[in-house]
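Taking it in order: structure first as structure tokens, then the write-up.
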Amino acid sequence: MELVKSNGIKLEPTSLTITRRLNMEEGGQIADQMAAMESGIQWWVGDLLNAMESLHGEVYAQVVPDGKADTWRNYKWVSDRVKMNTRRGSLSWSHHQAVASLLSERQAIYLDRAEAEHLSVSDLKKLIAEEKGKPEKAPRMIECPECHAMFEVPVKNSISA
């Protein structure tokens with residue numbers, strides 16, 4: 001299966017054939033395009049499956065190639081959970097996978113921090129785990145207006161999904 005054939009470059013699933021002399025600028029442009037493809041493929045697959053599900057229901061699975069079901073289901077889940085306006089091009093798909101189970105507001109906070117602090121995926125996961133493990137805030141106390149008894153209202157951990 002030939003994917004691209006253009007101006008002396010042929011791209012196939014298992015090879016890239018160059019039949020003309022490329023200058024450094026052209027080589028750099030091709031490398032940049034490949035980097036964009038490499039970092040985008042999980043999003044593209046996930047967004048495709050979400051679109052197919054929206055249009056056709058669960059039969060979207062019919063477009064999944066043999067042997068790809070588990071991997072592509074994961075791409076679909078992360079793409080559904082991490083909305084396009086939350087995604088960060090400077091971070092890997094794995095960074096986004098690490099925050100996918102969080103509420104969208106929390107996702108943005110952690111992705112911003114990962115960007116600003118140049119966190120690895122491992123460091124981001126550790127940070128999230130540490131903050132999930134912190135004790136919840138002290139419960140809020142409310143008073144019954146009739147009997148004036150005090151009751152505890154637990155405060156949920158804001159990091160949880």
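Residues are referred to by chain and number: the chain letter is A, B, ... according to the order shown in the structure tokens, the number counts from 1 in that chain, and ligands are numbered separately from 1 in the order shown.
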
**Request:** Please provide the set of residues having any atom within 12 Å of Arg21 in chain A, restricted to only C-alpha atoms, with same-chain residues fewer than 6 positions apart removed, written as a VMD selection string.
**Result:** chain A and resid 7 to 9 27

Write the residues you've just listed into a file as a JSON list (two decimals), in the first residue's frame, and include C-alpha atoms for each of them.
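In the end it all went to result-v3.json:
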[["chain", "number", "residue", "atom", "x", "y", "z"],
["A", 7, "ASN", "CA", 8.20, 14.75, -6.04],
["A", 8, "GLY", "CA", 10.70, 11.90, -5.71],
["A", 9, "ILE", "CA", 9.48, 10.66, -2.33],
["A", 27, "GLY", "CA", 15.00, 17.13, 4.67]]

**Request:** Taking the chain letters and numbering used in this document, name the residues of range 16-157 of chain A that DSSP puts in strand (DSSP E), as JSON, numbers by chain.
**Result:** {"A": [16, 17, 18, 140, 141, 142, 143, 150, 151, 152, 153]}

**Option closest in space to Val99 in chain A, from A:Ile128, A:Ile18, A:Ala69, A:Met84 [counting only C-alpha atoms]** =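 For Val99 in chain A, the nearest of the given residues is A:Ile128.
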
**Asked** Got a sec: who's within 12 Å of Ala98 in chain A, counting only C-alpha atoms, leaving out chain neighbours fewer than 5 positions off, as a list in words?
**Response**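 Non-adjacent residues within range: Asn74, Val78, Arg81, Val82, Leu91, Ser92, Trp93, Arg106, Gln107, Ala108, Tyr110, Leu111, Ala114, Leu119, Ser120, Val121, Ser122, Asp123, Leu124, Lys125, Lys126, Leu127, Ile128 and Ala129 of chain A.
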
**Request:** Show which residues sit within 10 Å of Leu48 in chain A, as a ChimeraX atom specification. Count only C-alpha atoms, and ignore same-chain residues fewer than 6 positions away.
**Result:** /A:42,54,60,63,75-76,79

**Message:** Taking 6 positions as the minimum chain separation for residues in the same chain, which residues sit within 12 Å of Thr71 in chain A when counting only C-alpha atoms? Answer as a list of chain:residue names.
**Reply:**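 Everything that qualifies: A:Ile41, A:Gln42, A:Val45, A:Gly46, A:Leu49, A:Val64, A:Pro65, A:Trp77, A:Val78.
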
**Prompt:** Any idea what the distance is between CA of His56 in chain A and CA of Ala36 in chain A?
**Reply:**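 These two atoms are separated by 29.0 Å.
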
**Request:** Have a look at CA of Arg87 in chain A and CA of Glu25 in chain A and let me know their distance in Å, one decimal.
**Result:**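 Pair CA of Arg87 in chain A / CA of Glu25 in chain A returns 29.0 Å.
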
**Message:** Using DSSP assignments from the backbone, pull out every residue in range 28-149 of chain A that falls under alpha helix (DSSP H) and give it to me as an NGL selection string.
**Reply:** :A and (28-56 or 69-81 or 93-99 or 104-117 or 121-133)

**Asked** Quick one, how far is CA of Ala31 in chain A from CA of Asp47 in chain A?
**Response**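 Computing it gives 24.1 Å between the two atoms.
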